[in-house]
Structure formats: C-alpha cells, structure tokens
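S.K.: Contents of final.cif (mmCIF, C-alpha atoms) are given next:
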data_input
#
loop_
_atom_site.label_atom_id
_atom_site.label_comp_id
_atom_site.auth_asym_id
_atom_site.auth_seq_id
_atom_site.Cartn_x
_atom_site.Cartn_y
_atom_site.Cartn_z
CA MET A 1 -79.66 -96.97 -30.66
CA TRP A 2 -82.65 -95.58 -28.74
CA CYS A 3 -80.75 -96.15 -25.48
CA VAL A 4 -77.70 -94.32 -26.82
CA HIS A 5 -79.87 -91.45 -28.05
CA SER A 6 -81.55 -91.22 -24.65
CA ALA A 7 -78.18 -91.15 -22.91
CA PHE A 8 -77.02 -88.34 -25.18
CA ARG A 9 -80.20 -86.38 -24.42
CA ARG A 10 -79.74 -86.73 -20.65
CA ILE A 11 -76.10 -85.63 -20.89
CA LEU A 12 -76.42 -82.82 -23.41
CA LEU A 13 -79.65 -81.10 -22.45
CA ALA A 14 -78.94 -78.21 -20.12
CA PRO A 15 -81.23 -77.77 -17.11
CA ASP A 16 -82.38 -74.39 -18.41
CA ARG A 17 -83.52 -75.87 -21.72
CA PRO A 18 -86.18 -78.42 -20.73
CA GLU A 19 -87.79 -78.23 -24.15
CA GLY A 20 -84.83 -80.16 -25.54
CA ARG A 21 -82.98 -80.01 -28.81
CA PRO A 22 -83.30 -81.90 -32.10
CA ALA A 23 -81.23 -85.05 -32.39
CA SER A 24 -79.21 -83.54 -35.24
CA THR A 25 -78.21 -80.64 -32.99
CA MET A 26 -77.11 -83.02 -30.24
CA LEU A 27 -75.05 -85.10 -32.66
CA ARG A 28 -73.37 -81.98 -34.01
CA ARG A 29 -72.51 -80.92 -30.48
CA VAL A 30 -71.08 -84.36 -29.71
CA SER A 31 -69.05 -84.51 -32.94
CA GLY A 32 -67.67 -81.09 -32.09
CA THR A 33 -66.30 -82.41 -28.78
CA LEU A 34 -64.59 -85.47 -30.27
CA PHE A 35 -60.88 -85.17 -30.91
CA ALA A 36 -59.26 -86.12 -34.19
CA VAL A 37 -57.82 -89.21 -32.49
CA ASP A 38 -61.33 -90.18 -31.36
CA LEU A 39 -62.65 -90.03 -34.92
CA LEU A 40 -59.67 -91.99 -36.24
CA THR A 41 -60.20 -94.65 -33.56
CA ILE A 42 -63.91 -94.89 -34.30
CA ALA A 43 -63.19 -95.18 -38.03
CA TYR A 44 -60.66 -97.96 -37.40
CA VAL A 45 -62.80 -100.04 -35.04
CA SER A 46 -65.81 -99.57 -37.33
CA ALA A 47 -63.83 -100.98 -40.24
CA LEU A 48 -62.48 -103.79 -38.03
CA ALA A 49 -65.99 -104.66 -36.83
CA ALA A 50 -67.34 -104.73 -40.39
CA PHE A 51 -64.44 -106.93 -41.54
CA THR A 52 -64.85 -109.24 -38.53
CA VAL A 53 -68.58 -109.71 -39.09
CA TRP A 54 -67.96 -110.34 -42.79
CA CYS A 55 -65.38 -113.02 -41.90
CA ALA A 56 -67.38 -114.33 -38.91
CA PRO A 57 -67.34 -118.00 -40.05
CA LEU A 58 -63.53 -117.92 -39.82
CA ILE A 59 -63.22 -116.07 -36.49
CA PRO A 60 -64.32 -117.91 -33.31
CA GLY A 61 -64.19 -114.71 -31.28
CA TRP A 62 -65.97 -112.47 -33.77
CA ARG A 63 -68.77 -111.62 -31.32
CA LEU A 64 -66.24 -110.38 -28.76
CA VAL A 65 -64.46 -108.23 -31.35
CA ALA A 66 -67.77 -106.82 -32.63
CA ALA A 67 -68.96 -106.09 -29.08
CA CYS A 68 -65.70 -104.39 -28.10
CA SER A 69 -65.76 -102.33 -31.31
CA ALA A 70 -69.32 -101.27 -30.58
CA GLY A 71 -68.26 -100.32 -27.06
CA VAL A 72 -65.56 -98.04 -28.44
CA MET A 73 -67.89 -96.53 -31.06
CA ILE A 74 -70.46 -95.72 -28.38
CA GLY A 75 -68.16 -95.09 -25.43
CA LEU A 76 -66.03 -92.34 -26.97
CA PRO A 77 -69.00 -90.15 -28.00
CA VAL A 78 -70.64 -90.71 -24.60
CA LEU A 79 -67.41 -89.70 -22.84
CA ALA A 80 -67.11 -86.64 -25.08
CA ALA A 81 -70.74 -85.71 -24.38
CA ALA A 82 -70.24 -86.14 -20.62
CA ARG A 83 -67.19 -83.91 -20.77
CA LEU A 84 -69.21 -81.27 -22.61
CA ARG A 85 -72.07 -81.49 -20.12
CA TRP A 86 -70.14 -81.45 -16.83
CA ASP A 87 -66.57 -80.40 -17.73
CA SER A 88 -65.10 -81.92 -14.54
CA PRO A 89 -61.31 -82.36 -14.28
CA GLY A 90 -61.73 -86.12 -14.05
CA LEU A 91 -63.79 -86.34 -17.24
CA VAL A 92 -61.42 -84.00 -19.03
CA PHE A 93 -58.45 -86.19 -18.09
CA LEU A 94 -60.24 -89.42 -19.02
CA HIS A 95 -61.21 -88.07 -22.42
CA ASP A 96 -57.77 -86.58 -23.12
CA TRP A 97 -56.04 -89.87 -22.31
CA ALA A 98 -58.70 -92.27 -23.61
CA PHE A 99 -56.53 -93.60 -26.42
CA ALA A 100 -53.80 -94.83 -24.03
CA PRO A 101 -55.79 -97.89 -22.85
CA LEU A 102 -57.55 -98.21 -26.23
CA ALA A 103 -54.18 -98.77 -27.92
CA TYR A 104 -53.75 -102.07 -26.09
CA ALA A 105 -57.44 -102.95 -26.36
CA THR A 106 -57.37 -102.58 -30.15
CA TYR A 107 -54.18 -104.66 -30.24
CA LEU A 108 -55.97 -107.50 -28.44
CA MET A 109 -58.92 -107.20 -30.81
CA MET A 110 -56.60 -107.51 -33.79
CA HIS A 111 -55.07 -110.64 -32.25
CA GLU A 112 -58.50 -112.28 -32.29
CA VAL A 113 -58.77 -111.62 -36.02
CA VAL A 114 -55.39 -112.07 -37.70
CA GLY A 115 -54.60 -115.71 -36.91
CA PRO A 116 -58.02 -117.17 -37.74
CA VAL A 117 -58.51 -115.07 -40.88
CA ARG A 118 -55.11 -116.06 -42.28
CA GLY A 119 -55.81 -119.71 -41.50
CA GLY A 120 -52.62 -120.26 -39.55
CA TRP A 121 -50.39 -119.15 -42.46
CA LEU A 122 -47.17 -117.49 -41.33
CA ALA A 123 -44.82 -115.27 -43.32
CA ASP A 124 -41.82 -116.12 -41.12
CA PRO A 125 -40.02 -118.23 -43.77
CA PHE A 126 -40.04 -115.24 -46.13
CA LEU A 127 -38.81 -112.86 -43.42
CA ILE A 128 -36.04 -115.29 -42.44
CA ALA A 129 -35.01 -115.55 -46.09
CA ALA A 130 -35.00 -111.76 -46.41
CA ASP A 131 -32.73 -111.41 -43.36
CA ARG A 132 -30.31 -114.01 -44.67
CA ALA A 133 -30.27 -112.43 -48.11
CA ILE A 134 -29.44 -109.02 -46.62
CA LEU A 135 -27.15 -109.99 -43.73
CA GLY A 136 -25.88 -113.38 -44.86
CA MET A 137 -27.21 -114.85 -41.59
CA ASP A 138 -29.93 -114.27 -38.99
CA ALA A 139 -29.94 -110.92 -37.17
CA ALA A 140 -29.78 -112.69 -33.78
CA THR A 141 -26.67 -114.52 -34.94
CA VAL A 142 -25.04 -111.24 -35.95
CA LEU A 143 -25.66 -109.83 -32.48
CA ALA A 144 -24.84 -113.02 -30.55
CA PRO A 145 -21.16 -112.10 -29.90
CA LEU A 146 -22.35 -109.05 -27.94
CA ALA A 147 -24.32 -111.15 -25.46
CA ARG A 148 -23.61 -110.29 -21.83
CA PRO A 149 -25.95 -110.68 -18.83
CA TRP A 150 -25.77 -106.97 -18.04
CA LEU A 151 -26.53 -106.04 -21.65
CA THR A 152 -29.43 -108.50 -21.77
CA GLU A 153 -30.83 -106.97 -18.58
CA LEU A 154 -30.47 -103.45 -19.94
CA LEU A 155 -32.07 -104.26 -23.29
CA GLN A 156 -34.92 -106.23 -21.70
CA LEU A 157 -35.67 -103.22 -19.50
CA ALA A 158 -35.63 -100.95 -22.56
CA TYR A 159 -37.88 -103.30 -24.54
CA THR A 160 -40.39 -103.56 -21.70
CA SER A 161 -40.54 -99.76 -21.38
CA PHE A 162 -42.26 -99.51 -24.79
CA TYR A 163 -45.64 -98.17 -23.63
CA ALA A 164 -44.09 -96.13 -20.82
CA LEU A 165 -41.85 -94.36 -23.34
CA MET A 166 -44.79 -93.23 -25.46
CA VAL A 167 -46.79 -92.19 -22.40
CA ALA A 168 -43.81 -90.19 -21.09
CA VAL A 169 -43.71 -88.08 -24.26
CA GLY A 170 -47.43 -87.40 -24.00
CA ALA A 171 -47.15 -86.71 -20.27
CA GLU A 172 -44.61 -83.91 -20.73
CA LEU A 173 -46.77 -82.31 -23.43
CA TYR A 174 -49.77 -82.59 -21.13
CA TRP A 175 -47.88 -81.29 -18.10
CA ARG A 176 -46.79 -78.16 -19.93
CA ARG A 177 -50.40 -77.67 -21.09
CA ASP A 178 -49.58 -77.82 -24.78
CA ARG A 179 -52.93 -79.38 -25.59
CA ARG A 180 -52.67 -78.86 -29.35
CA ALA A 181 -49.36 -80.71 -29.52
CA PHE A 182 -50.63 -83.35 -27.09
CA HIS A 183 -53.70 -84.17 -29.19
CA ALA A 184 -51.68 -84.15 -32.40
CA TYR A 185 -49.20 -86.55 -30.78
CA ALA A 186 -52.05 -88.84 -29.66
CA PHE A 187 -53.32 -88.81 -33.24
CA ALA A 188 -49.84 -89.68 -34.57
CA CYS A 189 -49.63 -92.60 -32.14
CA ALA A 190 -53.07 -93.88 -33.17
CA LEU A 191 -52.15 -93.63 -36.84
CA GLY A 192 -48.94 -95.56 -36.20
CA PHE A 193 -50.65 -98.29 -34.21
CA PHE A 194 -53.41 -98.81 -36.75
CA VAL A 195 -50.98 -98.94 -39.68
CA SER A 196 -48.88 -101.53 -37.84
CA PHE A 197 -52.02 -103.59 -37.12
CA LEU A 198 -52.85 -103.64 -40.83
CA GLY A 199 -49.30 -104.84 -41.44
CA TYR A 200 -49.90 -107.76 -39.07
CA LEU A 201 -52.97 -108.72 -41.08
CA ALA A 202 -51.11 -108.51 -44.38
CA VAL A 203 -47.90 -110.23 -43.19
CA PRO A 204 -48.70 -112.45 -40.16
CA ALA A 205 -45.56 -113.67 -38.40
CA VAL A 206 -44.50 -114.70 -34.89
CA GLY A 207 -40.78 -113.88 -34.84
CA PRO A 208 -37.46 -115.72 -34.48
CA ARG A 209 -37.91 -116.81 -30.86
CA PHE A 210 -40.74 -119.09 -32.01
CA THR A 211 -39.27 -120.20 -35.37
CA ILE A 212 -35.48 -120.18 -35.45
CA PHE A 213 -35.29 -120.59 -31.66
CA ASP A 214 -37.80 -121.31 -28.89
CA VAL A 215 -38.55 -119.50 -25.64
CA PRO A 216 -36.50 -121.80 -23.32
CA THR A 217 -33.53 -121.53 -25.70
CA VAL A 218 -33.67 -117.74 -25.57
CA SER A 219 -33.66 -117.80 -21.77
CA ARG A 220 -30.67 -120.14 -21.76
CA ASP A 221 -28.66 -118.29 -24.42
CA LEU A 222 -29.44 -114.79 -23.15
CA PRO A 223 -29.50 -114.87 -19.34
CA GLY A 224 -29.92 -111.60 -17.52
CA LEU A 225 -29.15 -110.51 -13.98
CA TRP A 226 -32.13 -109.90 -11.69
CA MET A 227 -35.19 -108.79 -13.63
CA THR A 228 -34.84 -110.33 -17.09
CA ASP A 229 -36.84 -113.50 -16.42
CA GLY A 230 -39.69 -111.59 -14.82
CA LEU A 231 -39.76 -109.01 -17.60
CA ARG A 232 -39.73 -111.75 -20.25
CA ALA A 233 -42.69 -113.41 -18.57
CA PHE A 234 -44.47 -110.05 -18.42
CA VAL A 235 -43.91 -109.44 -22.15
CA ASP A 236 -45.00 -112.98 -23.01
CA GLY A 237 -48.12 -112.64 -20.86
CA GLY A 238 -48.97 -109.36 -22.55
CA GLY A 239 -48.48 -111.15 -25.85
CA LEU A 240 -50.82 -113.92 -24.72
CA VAL A 241 -48.19 -116.67 -24.58
CA SER A 242 -48.46 -118.76 -21.43
CA PRO A 243 -45.27 -120.14 -19.84
CA GLY A 244 -44.40 -123.81 -20.26
CA LEU A 245 -45.90 -124.27 -23.73
CA SER A 246 -44.16 -126.44 -26.32
CA LYS A 247 -42.52 -124.71 -29.26
CA ALA A 248 -45.43 -125.55 -31.58
CA ALA A 249 -48.08 -124.57 -29.03
CA ALA A 250 -46.30 -121.30 -28.23
CA ALA A 251 -46.06 -120.42 -31.93
CA ALA A 252 -49.75 -121.19 -32.37
CA ALA A 253 -50.72 -118.98 -29.42
CA ALA A 254 -48.32 -116.14 -30.20
CA PRO A 255 -49.75 -112.95 -31.73
CA ARG A 256 -48.96 -112.35 -35.38
CA ASP A 257 -47.42 -108.98 -34.53
CA VAL A 258 -43.94 -109.03 -36.04
CA PHE A 259 -44.07 -107.21 -39.40
CA PRO A 260 -43.58 -104.30 -39.23
CA SER A 261 -41.93 -104.04 -35.82
CA GLY A 262 -44.51 -102.04 -33.88
CA HIS A 263 -41.99 -101.45 -31.11
CA THR A 264 -39.60 -99.89 -33.60
CA MET A 265 -42.30 -97.98 -35.44
CA MET A 266 -43.91 -96.41 -32.39
CA THR A 267 -40.56 -95.74 -30.70
CA VAL A 268 -39.34 -93.81 -33.75
CA ILE A 269 -42.58 -91.79 -33.74
CA ALA A 270 -42.09 -90.99 -30.02
CA MET A 271 -38.45 -90.04 -30.65
CA PHE A 272 -39.49 -87.73 -33.48
CA TRP A 273 -42.07 -85.97 -31.32
CA ALA A 274 -39.66 -85.61 -28.41
CA TRP A 275 -37.20 -83.91 -30.77
CA ARG A 276 -39.83 -81.90 -32.65
CA CYS A 277 -41.36 -80.45 -29.47
CA ARG A 278 -37.97 -80.01 -27.77
CA LEU A 279 -39.06 -81.93 -24.71
CA LYS A 280 -36.91 -81.93 -21.60
CA ILE A 281 -36.89 -85.73 -21.66
CA ARG A 282 -35.84 -85.97 -25.32
CA GLY A 283 -32.32 -87.13 -24.43
CA ALA A 284 -33.67 -89.98 -22.32
CA VAL A 285 -36.27 -90.83 -24.97
CA TRP A 286 -33.60 -91.09 -27.66
CA LEU A 287 -31.28 -93.17 -25.47
CA VAL A 288 -33.98 -95.61 -24.37
CA GLY A 289 -35.43 -95.63 -27.88
CA ALA A 290 -32.11 -96.60 -29.45
CA LEU A 291 -31.65 -99.41 -26.91
CA LEU A 292 -35.23 -100.57 -27.51
CA VAL A 293 -34.73 -100.83 -31.27
CA MET A 294 -31.55 -102.85 -30.73
CA ALA A 295 -33.40 -105.04 -28.21
CA THR A 296 -36.00 -106.09 -30.77
CA MET A 297 -33.34 -108.11 -32.63
CA TYR A 298 -30.91 -108.91 -29.81
CA LEU A 299 -33.69 -110.45 -27.70
CA ARG A 300 -35.01 -112.35 -30.75
CA TYR A 301 -38.42 -110.71 -30.86
CA HIS A 302 -37.99 -109.47 -34.44
CA TYR A 303 -36.15 -110.05 -37.68
CA ALA A 304 -33.96 -107.28 -39.08
CA VAL A 305 -36.37 -106.76 -41.97
CA ASP A 306 -39.15 -106.06 -39.43
CA VAL A 307 -37.08 -103.28 -37.91
CA VAL A 308 -36.26 -101.76 -41.29
CA ALA A 309 -39.95 -101.86 -42.19
CA GLY A 310 -40.81 -100.29 -38.82
CA VAL A 311 -38.50 -97.35 -39.47
CA LEU A 312 -39.89 -96.85 -42.99
CA PHE A 313 -43.50 -97.09 -41.84
CA ALA A 314 -42.77 -94.65 -39.01
CA ALA A 315 -41.30 -92.18 -41.50
CA ALA A 316 -44.40 -92.54 -43.69
CA CYS A 317 -46.69 -91.93 -40.70
CA VAL A 318 -44.69 -88.89 -39.58
CA ALA A 319 -44.85 -87.48 -43.11
CA SER A 320 -48.59 -88.11 -43.49
CA THR A 321 -49.68 -87.04 -40.01
CA PRO A 322 -50.06 -83.29 -40.77
CA LEU A 323 -52.48 -83.91 -43.66
CA THR A 324 -54.50 -86.68 -41.98
CA TYR A 325 -54.63 -84.84 -38.65
CA ARG A 326 -55.95 -81.69 -40.29
CA ALA A 327 -58.57 -83.71 -42.17
CA PHE A 328 -59.91 -85.42 -39.04
CA ALA A 329 -59.58 -82.31 -36.87
CA SER A 330 -61.63 -80.27 -39.37
CA VAL A 331 -64.47 -82.78 -39.01
CA SER A 332 -64.30 -82.73 -35.22
CA ARG A 333 -63.74 -78.94 -35.14
CA GLU A 334 -60.97 -79.64 -32.66
CA GLU A 335 -59.59 -76.45 -31.17
CA GLY A 336 -56.22 -75.55 -32.59
CA SER A 337 -56.61 -77.97 -35.46
CA SER A 338 -53.72 -76.46 -37.41
CA PHE A 339 -50.62 -78.65 -37.30
CA THR A 340 -47.66 -76.53 -36.39
#
Starting from the file, give its structure as structure tokens.

M.R.:
Amino acid sequence: MWCVHSAFRRILLAPDRPEGRPASTMLRRVSGTLFAVDLLTIAYVSALAAFTVWCAPLIPGWRLVAACSAGVMIGLPVLAAARLRWDSPGLVFLHDWAFAPLAYATYLMMHEVVGPVRGGWLADPFLIAADRAILGMDAATVLAPLARPWLTELLQLAYTSFYALMVAVGAELYWRRDRRAFHAYAFACALGFFVSFLGYLAVPAVGPRFTIFDVPTVSRDLPGLWMTDGLRAFVDGGGLVSPGLSKAAAAAAAPRDVFPSGHTMMTVIAMFWAWRCRLKIRGAVWLVGALLVMATMYLRYHYAVDVVAGVLFAAACVASTPLTYRAFASVSREEGSSFT
C-alpha cells in the first residue's frame, strides 16, 4: 500500500505544489477521475478476489486470480491518476477504453474459479431437459435441416465477430465524441458481462457440442467453406479448449460459460445501444446480431434455453442500467453523469 500511495503522490502532486497534499485529498482527486465503469469493475473484481481467497482450498489458481484482481484494483486508479496528471491523448484513450481488454481478462479469471468451486458439477442435463420440454427435441436438431456450408460459414463469421460487434458500437460513439453516451455504453457492457459471469457460477454448463455432440462431430456435420475450421479453432482456443482432446477431456477443459448465453446477452445490449443512439452502423449491427444469436444454437454452442435467458438478462440489464449508472457515476463525479 505504501508503494501505491507513493505512486499516487508522484503522479498527482503538481510541480508548483512541492509541499504536497494530504492523502485524503489525493484519493478524492483520484476517485473523481474514475469512470462509473471503473468503479463497477473494481467492485466486481474485489468481490471476486474475496470469494476466491475464501474458497482458496478449492481453487488451484486462486493466487493468480487474487493477483490479477489486485492488479485491476490498483491499475485503474493509477491510470486515472496518470490521466489527471498528464492528460496526454494516449493516456486519455487508454483510460477510456480500459474495459475492452478487461472484459476478456475478467472472463478468464472467472474460468479459474467456476469449475473448481462447483466441483465439476454441470447443469447441462437440466438445460437439455428444458430444451426438450419446450421444443420437443434439441435446438440443434430443430435447426439441422437448414445446414448448408455457406450458411455455416456465414454464421461462424457472425459468431466470431462477437467482441468486434460490441467494440464497433463503442467506436462510433467515441468517433462522434459523444463521451457521455460512450461511457454509459461501456458501463452497460460491464454490467452485462458481470451478470453473465455470475450466471456461469450459479449454473455451470459446457454446451451441446461437448454433451450431446463432440467437437469432431460438429466439424463433420456442419462443414463450412474456407474459414470455418480456422474460426472454430480460434473460438475454441479463446475458450481454452485445445484441439485433439477426447470428448471427456474437452468437456473438462471447457469453460462453464453457457447459461445465460453471454453472446446473446451482450449482442442484444449492443443492438439496443445502436438503436437507442441512432448509430450509422445500426443496420449492420442488427443484421450481424441476429445472425450471431442464431449461430449460438445452429453451431451447437448453446441450448435454446440459454438464448432465452440471455435475452431476458439483457432486458433486465438494459432496464437497470440508468439507475445503476447514475449511482456509480455520482460516486465518481463523472462528467455528464445523467443518463439521457
């Protein structure tokens, strides 16, 4: 803590004030430069770190999760303080977009926790039963007659564009210098991600391609054209599943990130913001978003009930964002904290 305090002092003390400032004044200045999304992220990783340390005997990688959480808790205030002190375009950009890489980092941290804490228990049998009760069969079976190589290629491209789609919405807001809407959108994305991560902890599942099917079967049943195999490998690598694993080994390594469908949930949030802010790219966002939601089931990543839950959770996040954003923004004193 002394090192962090010293770093804050070096960053925050202006050259013309060599006598320094009290620590409380420095901390108030730093908190005033944090965005609402920063505070939400710090609150989430703090809770995750506390939970991980509490469950340390069950989590082999608890030290890594705790260290990464501490890095976020310290790094964001330091970045905010550096922005306040120097206000360079590079620091401004890094701080504005800090949550983009942190979204994936927090996902990886959650992966280290969910499987070990739940002791290998999977909710897939219940999700499969729910699909069959609603549809009379598995969602992938319902969509199987549509299978065409060109459609598989198109849907795999849409599915892989998940992060790019969310970044594109933020990029247009940023490009047109609508900083208030940009920061509110970043907060909405953080809220959606963190809610979906809590869903993974409550309902750990790996999805139909590891339970009803297996990865080689999916590749055989749903061949693409040119890029599908490479994109599948990219998605599997991002999901920490190495190629060539047996069905059991792949299921054991796979993240428990199925319920709710985070792809559906975050895509719906991005679609809502593209429509709400009347972005120029809203037509493309809605087209790609619709294909992406279909891809979650067609490509056997998710059960139908995951997608339904994703839509419902997205609606809940959209409805609750104004209140929660105002609450966090009032603490950070973020400029333009009103949600309009």

S.K.: Which polymer residues, protein or nucleic acid, are no farther than 9 Å from (-36.9, -108.7, -43.8), counting all atoms listed in the file, as a PyMOL selection string?

M.R.: chain A and resi 126-134+259+303-309

S.K.: Write a file of the selected residues as a PDB file, keeping the file's coordinate frame, keeping C-alpha atoms.

M.R.:
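So again-v1.pdb came out as:
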ATOM      1  CA  PHE A 126     -40.040-115.240 -46.130  1.00  0.00           C
ATOM      2  CA  LEU A 127     -38.810-112.860 -43.420  1.00  0.00           C
ATOM      3  CA  ILE A 128     -36.040-115.290 -42.440  1.00  0.00           C
ATOM      4  CA  ALA A 129     -35.010-115.550 -46.090  1.00  0.00           C
ATOM      5  CA  ALA A 130     -35.000-111.760 -46.410  1.00  0.00           C
ATOM      6  CA  ASP A 131     -32.730-111.410 -43.360  1.00  0.00           C
ATOM      7  CA  ARG A 132     -30.310-114.010 -44.670  1.00  0.00           C
ATOM      8  CA  ALA A 133     -30.270-112.430 -48.110  1.00  0.00           C
ATOM      9  CA  ILE A 134     -29.440-109.020 -46.620  1.00  0.00           C
ATOM     10  CA  PHE A 259     -44.070-107.210 -39.400  1.00  0.00           C
ATOM     11  CA  TYR A 303     -36.150-110.050 -37.680  1.00  0.00           C
ATOM     12  CA  ALA A 304     -33.960-107.280 -39.080  1.00  0.00           C
ATOM     13  CA  VAL A 305     -36.370-106.760 -41.970  1.00  0.00           C
ATOM     14  CA  ASP A 306     -39.150-106.060 -39.430  1.00  0.00           C
ATOM     15  CA  VAL A 307     -37.080-103.280 -37.910  1.00  0.00           C
ATOM     16  CA  VAL A 308     -36.260-101.760 -41.290  1.00  0.00           C
ATOM     17  CA  ALA A 309     -39.950-101.860 -42.190  1.00  0.00           C
TER      18      ALA A 309
END

S.K.: Given the file above and the PyMOL selection byres ((chain A and resi 288-296) around 9), which residues are selected, and can you give them as a ChimeraX atom specification?

M.R.: /A:152,154-162,165,261,263-264,267-268,270-271,283-287,297-304,307

S.K.: Between CA of Pro255 (chain A) and CA of Leu146 (chain A), what is the distance in Å, rounded to a tenth?

M.R.: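 CA of Leu146 (chain A) lies 27.9 Å from CA of Pro255 (chain A).
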
S.K.: Calculate how many Å separate CA of Gly115 (chain A) from CA of Arg256 (chain A), rounding to one decimal.

M.R.: 6.7 Å

S.K.: Can you tell me how far CA of Leu122 (chain A) sits from CA of Pro208 (chain A), in Å to one decimal?

M.R.: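 Interatomic distance, CA of Leu122 (chain A) to CA of Pro208 (chain A): 12.0 Å.
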
S.K.: Quick one: of A:Trp62, A:Trp54, A:Phe182, A:Trp97, who's nearest to Val169 (chain A), counting all atoms listed in the file?

M.R.: A:Phe182

S.K.: Pick from A:Ala70, A:Ala56, A:Leu108, A:Val92: nearest to Phe35 (chain A), with all atoms listed in the file counted?

M.R.: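 Result for the nearest residue to Phe35 (chain A): A:Val92.
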
S.K.: Name the residues captured by the PyMOL selection byres ((chain A and resi 214) around 10) when it is applied to the shown file; answer as a ChimeraX atom specification.

M.R.: /A:207-213,215-219,246-248,250-251,300

S.K.: Restricting the calculation to only C-alpha atoms, which member of A:Gly61, A:Pro322, A:Gly310, A:Pro223 is positioned closest to Met109 (chain A)?

M.R.: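 Once distances to Met109 (chain A) are computed over only C-alpha atoms, the minimum belongs to A:Gly61.
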
S.K.: What residues come out when you apply the PyMOL selection byres ((chain A and resi 58) around 9) to this file, written as a ChimeraX atom specification?

M.R.: /A:52,55-57,59-60,62,113,116-119

S.K.: Output C-alpha atoms for every residue in the selection just made, as a short mmCIF file (atom, residue, chain, number, x, y, z; two decimals), in the coordinates of the input.

M.R.:
data_model
loop_
_atom_site.label_atom_id
_atom_site.label_comp_id
_atom_site.auth_asym_id
_atom_site.auth_seq_id
_atom_site.Cartn_x
_atom_site.Cartn_y
_atom_site.Cartn_z
CA THR A 52 -64.85 -109.24 -38.53
CA CYS A 55 -65.38 -113.02 -41.90
CA ALA A 56 -67.38 -114.33 -38.91
CA PRO A 57 -67.34 -118.00 -40.05
CA ILE A 59 -63.22 -116.07 -36.49
CA PRO A 60 -64.32 -117.91 -33.31
CA TRP A 62 -65.97 -112.47 -33.77
CA VAL A 113 -58.77 -111.62 -36.02
CA PRO A 116 -58.02 -117.17 -37.74
CA VAL A 117 -58.51 -115.07 -40.88
CA ARG A 118 -55.11 -116.06 -42.28
CA GLY A 119 -55.81 -119.71 -41.50
#

S.K.: So, with all atoms listed in the file as the atoms that count, which of A:Met227, A:Leu102, A:Val65, A:Met266 lies closest to Ala164 (chain A)?

M.R.: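 Counting all atoms listed in the file, the residue closest to Ala164 (chain A) is A:Met266.
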
S.K.: Tell me which of A:Leu198, A:Ala144, A:Phe187, A:Val53 sits closest to Met110 (chain A), counting all atoms listed in the file.

M.R.: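 Among A:Leu198, A:Ala144, A:Phe187, A:Val53, it is A:Leu198 that comes nearest to Met110 (chain A).
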
S.K.: Taking into account all atoms listed in the file, which residue in the set A:Ala105, A:Val72, A:Val331, A:Ala36 is nearest to Arg180 (chain A)?

M.R.: A:Ala36

S.K.: Which polymer residues, whether protein, DNA or RNA, lie within 8 Å of the coordinate (-54.1, -89.8, -39.8) when you count only C-alpha atoms? List them as number ranges by chain, using the chain letters and numbers from the file.

M.R.: A: 40, 187-188, 190-191, 317, 320-325, 327-328

S.K.: Do you know which residues are at most 7 Å from Leu225 (chain A) counting only C-alpha atoms, after dropping those on the same chain fewer than 6 positions away, and could you put them as a list in words?

M.R.: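 The residues that qualify are Pro149, Trp150 and Glu153 of chain A.
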
S.K.: Regenerate region 135-152 of chain A at the level of N, CA and C atoms and dump it as a short mmCIF file (atom, residue, chain, number, x, y, z; two decimals), in the frame of the given file.

M.R.:
data_model
loop_
_atom_site.label_atom_id
_atom_site.label_comp_id
_atom_site.auth_asym_id
_atom_site.auth_seq_id
_atom_site.Cartn_x
_atom_site.Cartn_y
_atom_site.Cartn_z
N LEU A 135 -28.24 -109.92 -44.70
CA LEU A 135 -27.15 -109.99 -43.73
C LEU A 135 -26.21 -111.17 -43.94
N GLY A 136 -26.67 -112.16 -44.70
CA GLY A 136 -25.88 -113.38 -44.86
C GLY A 136 -26.13 -114.38 -43.74
N MET A 137 -26.86 -113.98 -42.73
CA MET A 137 -27.21 -114.85 -41.59
C MET A 137 -28.37 -114.19 -40.85
N ASP A 138 -28.84 -114.84 -39.78
CA ASP A 138 -29.93 -114.27 -38.99
C ASP A 138 -29.43 -113.09 -38.16
N ALA A 139 -30.32 -112.10 -37.95
CA ALA A 139 -29.94 -110.92 -37.17
C ALA A 139 -29.49 -111.29 -35.77
N ALA A 140 -30.17 -112.27 -35.14
CA ALA A 140 -29.78 -112.69 -33.78
C ALA A 140 -28.38 -113.28 -33.77
N THR A 141 -28.01 -113.94 -34.85
CA THR A 141 -26.67 -114.52 -34.94
C THR A 141 -25.62 -113.42 -35.08
N VAL A 142 -25.96 -112.38 -35.80
CA VAL A 142 -25.04 -111.24 -35.95
C VAL A 142 -24.76 -110.60 -34.59
N LEU A 143 -25.80 -110.51 -33.77
CA LEU A 143 -25.66 -109.83 -32.48
C LEU A 143 -25.21 -110.76 -31.35
N ALA A 144 -25.17 -112.05 -31.60
CA ALA A 144 -24.84 -113.02 -30.55
C ALA A 144 -23.50 -112.75 -29.86
N PRO A 145 -22.43 -112.33 -30.59
CA PRO A 145 -21.16 -112.10 -29.90
C PRO A 145 -21.21 -110.99 -28.85
N LEU A 146 -22.23 -110.13 -28.91
CA LEU A 146 -22.35 -109.05 -27.94
C LEU A 146 -22.97 -109.50 -26.63
N ALA A 147 -23.51 -110.70 -26.59
CA ALA A 147 -24.32 -111.15 -25.46
C ALA A 147 -23.54 -111.09 -24.14
N ARG A 148 -24.10 -110.38 -23.20
CA ARG A 148 -23.61 -110.29 -21.83
C ARG A 148 -24.82 -110.20 -20.92
N PRO A 149 -24.79 -110.78 -19.73
CA PRO A 149 -25.95 -110.68 -18.83
C PRO A 149 -26.36 -109.24 -18.55
N TRP A 150 -25.40 -108.35 -18.34
CA TRP A 150 -25.77 -106.97 -18.04
C TRP A 150 -26.43 -106.29 -19.24
N LEU A 151 -25.94 -106.62 -20.45
CA LEU A 151 -26.53 -106.04 -21.65
C LEU A 151 -27.94 -106.60 -21.88
N THR A 152 -28.10 -107.89 -21.65
CA THR A 152 -29.43 -108.50 -21.77
C THR A 152 -30.41 -107.84 -20.81
#
